[in-house]
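Reviewing the structure listed below.
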Amino acid sequence: MHDIRWIREDPEAFDRALGRRGLEPGAARALALDEQRRQAQTDLQAVLARRNEASRQIGQIKRQGGDAQAVMDEVAQLKDQAGKLEEAEREAAHALTDLLSGWPNAVDDDVPDGADETANQELRRVGDPRQDNGLAEHDALFGDSDLMDFAAAAKLSGARFVVLRGALARLERALGQFMMDLHTQEHGYREVAPPLLVRDRALYGTGQLPKFADDLFATADGYWMIPTAEVPLTNLVADEILAADDLPFRFTALTPCFRSEAGSAGKDTRGMIRQHQFNKVELVSVTTPEQSAEEHERMTACAETVLKRLGLAYRVVSLCTGDIGFGARKTYDLEVWLPGQQRYREISSCSNCGDFQARRMNARCRPKGEKATRFVHTLNGSGVATGRALIAVLETYQQSDGSVLVPEALRPYLGGLEVITTHA
RNA sequence: GGACAGGUGGGUGAGUGGCUGAAACCAGCGGUUUGCUAAACCGCCGUACGCGUAACAGCGUACCGAGGGUUCGAAUCCCUCCCUGUCCGCCA
C-alpha cells in the first residue's frame, strides 16, 4: 500500500518508482481520485456540521416548547445532500484504495534493474561447491528405498507431495530443531507457534491478497492455509501501536507452508524441490524505519549462518526489479548449491518490506515522549526452508556407495547418527 | 452442534436518546514538594481524515466490534454479520 501523501508531494518520483517495476505511470490518476475524494469529504463535512448544529437547536426549541418545524425541514434537505456526498466520497475512496493497494512496493535505489532472474546481482559465494563426477540428485539417491516415497504420497494426496520415513523423516525434523535452536539461542529470535489457518485480513496485511489468491489453498469454511509463517508472524503486530524503544521485535517459527503452485505446472515436477506442502523456519523482524536496512543485513547473516554450520555451499544474490516480490523493497536470496543438479537453487529469501505491509496492517510505533505515530518497517526471511535444506544435505554429503554422511551440526539431533543408508 | 453472556480510549471499567469523544481508577507524560527512594498534590494524556498554518495553534467531521436501519438527533433503540467468554455435548 502506498502513501497518497508521498504521491502528492512528488508524483514524478512515484511514477519513476512504478517505471522501475515496468509499470505505466499512475500518479495522475491517483491524484485525480484523491482530489475527488477530498472535495466530496470537505463538502460532506460542511453539511454534517450544519446538521449537527440544527439538531442541537431543535433540542433547545423543543425543550422551550417552541415549534421546530422549519429547522426540521432544513435537516431533511441536508440529509439528502449528505447521502449523495457520502456516496461520492465512498466511491472515490474505494477506487483510490484499490489503485494504491494494487501497486507493488517501490524498490530501493540499489536494487539492480532487470527483467528476470538472469539480471540478479551476485553479491558473494561461500563454501566449495561439489563438482565431482557421478553425483546423484536427492530423489535418485533414495529412489530404491521407501525413505523418500513419492508413490505413497501420490496415493494419499496426488502430485507434489512426499512421504518421508525413518532416517530421512528424522533428518528433516533434526534440521528444523537445529535451525530453531540457532535462531532462538544465538540470534535473539523469540519462538512462536502460530495458527496455520488464517483469515482474509491477515493475508491482505502481508500482501498475498487480493492479487495472489490463486497461489493459496483455502478451506471450505473461509480460512486460508498459510503459504509461509511470514503471514501469522508479521500480522501479530497488525493494528498495534508499539513503543519504539521496544523495537526491533524478532520472531521465528517452524511451520508447514502450503502453496498451490498454480502457474508452475511442469516446473520441478520431480523430487522434493517444489511441493504443495513443505516445512520452513521463518524469521520476521518488526523495526523502526531507521533500523530496517541494518536489520535486513543482520537477518540475512542469520540465515547464512544456518548454511555455514551445515557446511553447505551457497551464494547470495540481490534480486533485480523484475524478480523481486510484490511487497518487497529489497530482497536477498540465498541459493544453495545442489551437487546433483550442478546449480544453485533458492533456499532462503530475505526481504525488507519497509512500511508497505505496515500500512496495510495499520501497524505503528510511537517514539518515547512523542505524540505522533509512525508506521513500522517489517522484514521476513527464511531461515531456512527445511525441505530444501534436506535436499542440499543429501546431495552435498552423498558418498559413492549411495549413503549420506550426517553433517556434524546435526548429529546431536539424530542421536549421534553419522551415516544414513537406504536401509535406515 | 446446543444454551447463555459479552465486545467502550494503552489497561480496568461507568454510561439506555440531546449537557458524552465519552465518568472514575490504573498506566504514561509534565510540574510542585522532597536529603535519596517512596508517598502526596496539581496539570496533561485516544485515533484517523479534512480545512487551516511557515510551523504550531485553531476549526470541523468520523470513530464506543463491522455493516445497515429508526430518529431532527444514536455508544445508548432495531436488524444482519463477525469476534470473545462461560456451561453442556462431541473430540486430539
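FYI, nothing fancy with the C-alpha cells labels: chains A, B, ... in order, residues from 1 per chain, ligands from 1 as they appear.
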Each chain A residue no farther than 8 Å from chain B, nearest pair in Å, only C-alpha atoms (C1' of nucleotides), as JSON lines:
```
{"residue": "A:Arg38", "atom": "CA", "partner": "B:G50", "partner_atom": "C1'", "distance": 7.0}
{"residue": "A:Gln41", "atom": "CA", "partner": "B:G50", "partner_atom": "C1'", "distance": 6.8}
{"residue": "A:Thr42", "atom": "CA", "partner": "B:G50", "partner_atom": "C1'", "distance": 5.8}
{"residue": "A:Gln45", "atom": "CA", "partner": "B:U61", "partner_atom": "C1'", "distance": 5.1}
{"residue": "A:Ala46", "atom": "CA", "partner": "B:G60", "partner_atom": "C1'", "distance": 7.6}
{"residue": "A:Leu48", "atom": "CA", "partner": "B:U61", "partner_atom": "C1'", "distance": 7.4}
{"residue": "A:Ala49", "atom": "CA", "partner": "B:G60", "partner_atom": "C1'", "distance": 7.0}
{"residue": "A:Asn52", "atom": "CA", "partner": "B:G73", "partner_atom": "C1'", "distance": 7.7}
{"residue": "A:Ala54", "atom": "CA", "partner": "B:C72", "partner_atom": "C1'", "distance": 7.7}
{"residue": "A:Ser55", "atom": "CA", "partner": "B:C72", "partner_atom": "C1'", "distance": 5.4}
{"residue": "A:Arg56", "atom": "CA", "partner": "B:G18", "partner_atom": "C1'", "distance": 6.9}
{"residue": "A:Ile58", "atom": "CA", "partner": "B:C72", "partner_atom": "C1'", "distance": 6.4}
{"residue": "A:Gly59", "atom": "CA", "partner": "B:G18", "partner_atom": "C1'", "distance": 6.3}
{"residue": "A:Val71", "atom": "CA", "partner": "B:C72", "partner_atom": "C1'", "distance": 7.8}
{"residue": "A:Met72", "atom": "CA", "partner": "B:C72", "partner_atom": "C1'", "distance": 5.2}
{"residue": "A:Val75", "atom": "CA", "partner": "B:C72", "partner_atom": "C1'", "distance": 6.5}
{"residue": "A:Ala76", "atom": "CA", "partner": "B:C72", "partner_atom": "C1'", "distance": 7.9}
{"residue": "A:Gly369", "atom": "CA", "partner": "B:C29", "partner_atom": "C1'", "distance": 6.9}
```
Within 12 Å of G6 in chain B, counting only C-alpha atoms (C1' of nucleotides), which residues qualify if same-chain residues fewer than 3 places away don't, as a list in words? G65, C83, U84, G85 and U86 of chain B
Can I get the selected residues back with N, CA and C atoms (P, O5', C5', C4', C3', O3' and C1' of nucleotides), as an mmCIF file, in the first residue's frame?
```cif
data_model
loop_
_atom_site.group_PDB
_atom_site.id
_atom_site.type_symbol
_atom_site.label_atom_id
_atom_site.label_comp_id
_atom_site.auth_asym_id
_atom_site.auth_seq_id
_atom_site.Cartn_x
_atom_site.Cartn_y
_atom_site.Cartn_z
ATOM 1 P P G B 65 -18.350 -1.238 20.279
ATOM 2 O "O5'" G B 65 -17.580 -1.945 19.069
ATOM 3 C "C5'" G B 65 -16.165 -2.036 19.075
ATOM 4 C "C4'" G B 65 -15.718 -2.933 17.965
ATOM 5 C "C3'" G B 65 -16.375 -2.660 16.623
ATOM 6 O "O3'" G B 65 -15.704 -1.649 15.902
ATOM 7 C "C1'" G B 65 -16.517 -4.960 17.114
ATOM 8 P P C B 83 -16.126 -15.380 13.287
ATOM 9 O "O5'" C B 83 -15.537 -14.634 14.554
ATOM 10 C "C5'" C B 83 -14.294 -13.946 14.481
ATOM 11 C "C4'" C B 83 -14.088 -13.114 15.716
ATOM 12 C "C3'" C B 83 -14.103 -13.888 17.033
ATOM 13 O "O3'" C B 83 -12.863 -14.515 17.294
ATOM 14 C "C1'" C B 83 -15.442 -11.953 17.238
ATOM 15 P P U B 84 -12.821 -15.822 18.203
ATOM 16 O "O5'" U B 84 -13.047 -15.243 19.668
ATOM 17 C "C5'" U B 84 -12.092 -14.369 20.256
ATOM 18 C "C4'" U B 84 -12.588 -13.901 21.593
ATOM 19 C "C3'" U B 84 -13.024 -14.986 22.555
ATOM 20 O "O3'" U B 84 -11.934 -15.604 23.210
ATOM 21 C "C1'" U B 84 -14.639 -13.266 22.540
ATOM 22 P P G B 85 -12.097 -17.085 23.748
ATOM 23 O "O5'" G B 85 -13.032 -16.911 25.022
ATOM 24 C "C5'" G B 85 -12.585 -16.171 26.138
ATOM 25 C "C4'" G B 85 -13.707 -16.014 27.129
ATOM 26 C "C3'" G B 85 -14.334 -17.298 27.626
ATOM 27 O "O3'" G B 85 -13.580 -17.900 28.652
ATOM 28 C "C1'" G B 85 -16.037 -15.768 27.049
ATOM 29 P P U B 86 -13.646 -19.476 28.843
ATOM 30 O "O5'" U B 86 -15.061 -19.695 29.519
ATOM 31 C "C5'" U B 86 -15.324 -19.180 30.826
ATOM 32 C "C4'" U B 86 -16.759 -19.450 31.205
ATOM 33 C "C3'" U B 86 -17.215 -20.892 31.049
ATOM 34 O "O3'" U B 86 -16.834 -21.707 32.149
ATOM 35 C "C1'" U B 86 -18.837 -19.445 30.116
#
```
Who sits within 10 Å of range 398-400 of chain A, only C-alpha atoms (C1' of nucleotides), same chain under 6 positions skipped, as a PyMOL selection string: chain A and resi 134-138+141+339-340+392+406+419-421
Could the residues in this selection be written to a file with N, CA and C atoms, as a PDB file, in the first residue's frame?
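Wrote it out as out-v7.pdb, contents follow:
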```
ATOM      1  N   GLY A 134      29.507 -37.960 -11.325  1.00  0.00           N
ATOM      2  CA  GLY A 134      28.655 -39.046 -10.848  1.00  0.00           C
ATOM      3  C   GLY A 134      27.831 -38.720  -9.629  1.00  0.00           C
ATOM      4  N   LEU A 135      27.599 -37.450  -9.376  1.00  0.00           N
ATOM      5  CA  LEU A 135      26.782 -37.083  -8.219  1.00  0.00           C
ATOM      6  C   LEU A 135      25.304 -37.213  -8.571  1.00  0.00           C
ATOM      7  N   ALA A 136      24.554 -37.792  -7.624  1.00  0.00           N
ATOM      8  CA  ALA A 136      23.142 -38.064  -7.898  1.00  0.00           C
ATOM      9  C   ALA A 136      22.252 -36.963  -7.327  1.00  0.00           C
ATOM     10  N   GLU A 137      21.078 -36.844  -7.918  1.00  0.00           N
ATOM     11  CA  GLU A 137      20.072 -35.964  -7.325  1.00  0.00           C
ATOM     12  C   GLU A 137      19.423 -36.676  -6.143  1.00  0.00           C
ATOM     13  N   HIS A 138      18.809 -35.878  -5.268  1.00  0.00           N
ATOM     14  CA  HIS A 138      18.317 -36.427  -4.000  1.00  0.00           C
ATOM     15  C   HIS A 138      17.305 -37.552  -4.203  1.00  0.00           C
ATOM     16  N   LEU A 141      18.989 -40.809  -5.145  1.00  0.00           N
ATOM     17  CA  LEU A 141      19.734 -41.434  -4.050  1.00  0.00           C
ATOM     18  C   LEU A 141      18.870 -42.405  -3.261  1.00  0.00           C
ATOM     19  N   PRO A 339      24.563 -30.272  -5.630  1.00  0.00           N
ATOM     20  CA  PRO A 339      25.539 -31.007  -6.452  1.00  0.00           C
ATOM     21  C   PRO A 339      24.855 -31.904  -7.485  1.00  0.00           C
ATOM     22  N   GLY A 340      23.704 -32.486  -7.166  1.00  0.00           N
ATOM     23  CA  GLY A 340      23.020 -33.361  -8.118  1.00  0.00           C
ATOM     24  C   GLY A 340      22.581 -32.608  -9.364  1.00  0.00           C
ATOM     25  N   ALA A 392      19.651 -30.395  -0.019  1.00  0.00           N
ATOM     26  CA  ALA A 392      21.025 -29.919  -0.134  1.00  0.00           C
ATOM     27  C   ALA A 392      21.975 -30.790   0.682  1.00  0.00           C
ATOM     28  N   VAL A 406      26.105 -37.608   7.827  1.00  0.00           N
ATOM     29  CA  VAL A 406      25.328 -36.595   8.550  1.00  0.00           C
ATOM     30  C   VAL A 406      26.262 -35.453   8.948  1.00  0.00           C
ATOM     31  N   VAL A 419      25.826 -41.809   9.619  1.00  0.00           N
ATOM     32  CA  VAL A 419      25.616 -42.140   8.210  1.00  0.00           C
ATOM     33  C   VAL A 419      24.171 -42.572   7.992  1.00  0.00           C
ATOM     34  N   ILE A 420      23.590 -42.104   6.913  1.00  0.00           N
ATOM     35  CA  ILE A 420      22.247 -42.556   6.548  1.00  0.00           C
ATOM     36  C   ILE A 420      22.356 -43.435   5.309  1.00  0.00           C
ATOM     37  N   THR A 421      21.826 -44.644   5.430  1.00  0.00           N
ATOM     38  CA  THR A 421      21.833 -45.546   4.277  1.00  0.00           C
ATOM     39  C   THR A 421      20.403 -45.814   3.841  1.00  0.00           C
TER      40      THR A 421
END
```
Would you return as a CSV table (one decimal) with N, CA and C atoms, in the first residue's frame the members of range 179-244 of chain A that DSSP assigns to strand (DSSP E or B) on this structure's backbone?
```
chain,number,residue,atom,x,y,z
A,190,ARG,N,12.5,-14.8,19.1
A,190,ARG,CA,11.6,-15.4,20.0
A,190,ARG,C,10.7,-16.4,19.3
A,191,GLU,N,10.7,-17.6,19.8
A,191,GLU,CA,10.0,-18.7,19.2
A,191,GLU,C,8.5,-18.5,19.3
A,197,LEU,N,-3.9,-21.7,9.9
A,197,LEU,CA,-5.1,-21.2,9.1
A,197,LEU,C,-5.3,-19.8,9.5
A,198,VAL,N,-5.5,-18.9,8.5
A,198,VAL,CA,-5.7,-17.5,8.8
A,198,VAL,C,-6.9,-17.0,8.0
A,218,ALA,N,-7.4,-22.7,0.1
A,218,ALA,CA,-8.5,-22.2,1.0
A,218,ALA,C,-9.3,-23.4,1.6
A,224,TRP,N,-7.8,-19.6,5.1
A,224,TRP,CA,-6.7,-19.9,4.1
A,224,TRP,C,-5.6,-20.6,4.8
A,225,MET,N,-4.9,-21.5,4.1
A,225,MET,CA,-3.7,-22.2,4.7
A,225,MET,C,-2.5,-21.3,4.4
A,241,ILE,N,-0.1,-0.2,18.2
A,241,ILE,CA,0.8,0.9,18.3
A,241,ILE,C,1.9,0.5,19.3
A,242,LEU,N,3.1,0.3,18.8
A,242,LEU,CA,4.2,-0.2,19.6
A,242,LEU,C,5.1,0.9,20.2
A,243,ALA,N,5.7,0.7,21.3
A,243,ALA,CA,6.7,1.6,21.8
A,243,ALA,C,7.9,1.5,21.0
```
Taking into account only C-alpha atoms (C1' of nucleotides), which residue in the set B:C36, B:C63, B:C26, B:C41 is nearest to G13 in chain B?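 Nearest candidate to G13 in chain B out of B:C36, B:C63, B:C26, B:C41: B:C26.
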Pick from A:Ala115, A:Ala106, A:Leu147, A:Leu175: nearest to Ala13 in chain A, with only C-alpha atoms counted? A:Ala106
Run DSSP on the backbone and give me the residues of range 303-412 of chain A it puts in alpha helix (DSSP H), as a ChimeraX atom specification. /A:303-310,356-361,386-396
Can you tell me which residues surround Leu283 in chain A at a distance of at most 6 Å, considering only C-alpha atoms (C1' of nucleotides), apart from same-chain residues fewer than 3 positions away, and format the answer as a ChimeraX atom specification? /A:251-252,380-382
Residue neighbourhood Leu417 in chain A, 10 Å, only C-alpha atoms (C1' of nucleotides), exclusion window fewer than 3 positions, as a list of chain:residue names: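 Neighbouring residues, sequence-local ones excluded: A:Ala167, A:Leu171, A:Leu405, A:Val406, A:Pro407, A:Glu408, A:Leu410, A:Arg411, A:Pro412, A:Tyr413, A:Leu414, A:Ile420.
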Resulting file, chosen residues, C-alpha atoms, as a tab-separated table (two decimals), in the first residue's frame:
```tsv
chain	number	residue	atom	x	y	z
A	167	ALA	CA	16.11	-41.63	8.98
A	171	LEU	CA	16.75	-35.80	9.44
A	405	LEU	CA	27.13	-38.54	5.87
A	406	VAL	CA	25.33	-36.59	8.55
A	407	PRO	CA	26.79	-33.07	8.98
A	408	GLU	CA	28.43	-32.59	12.38
A	410	LEU	CA	23.04	-32.25	13.04
A	411	ARG	CA	24.42	-35.31	14.81
A	412	PRO	CA	23.27	-34.25	18.28
A	413	TYR	CA	19.77	-34.08	16.88
A	414	LEU	CA	20.00	-37.58	15.43
A	420	ILE	CA	22.25	-42.56	6.55
```
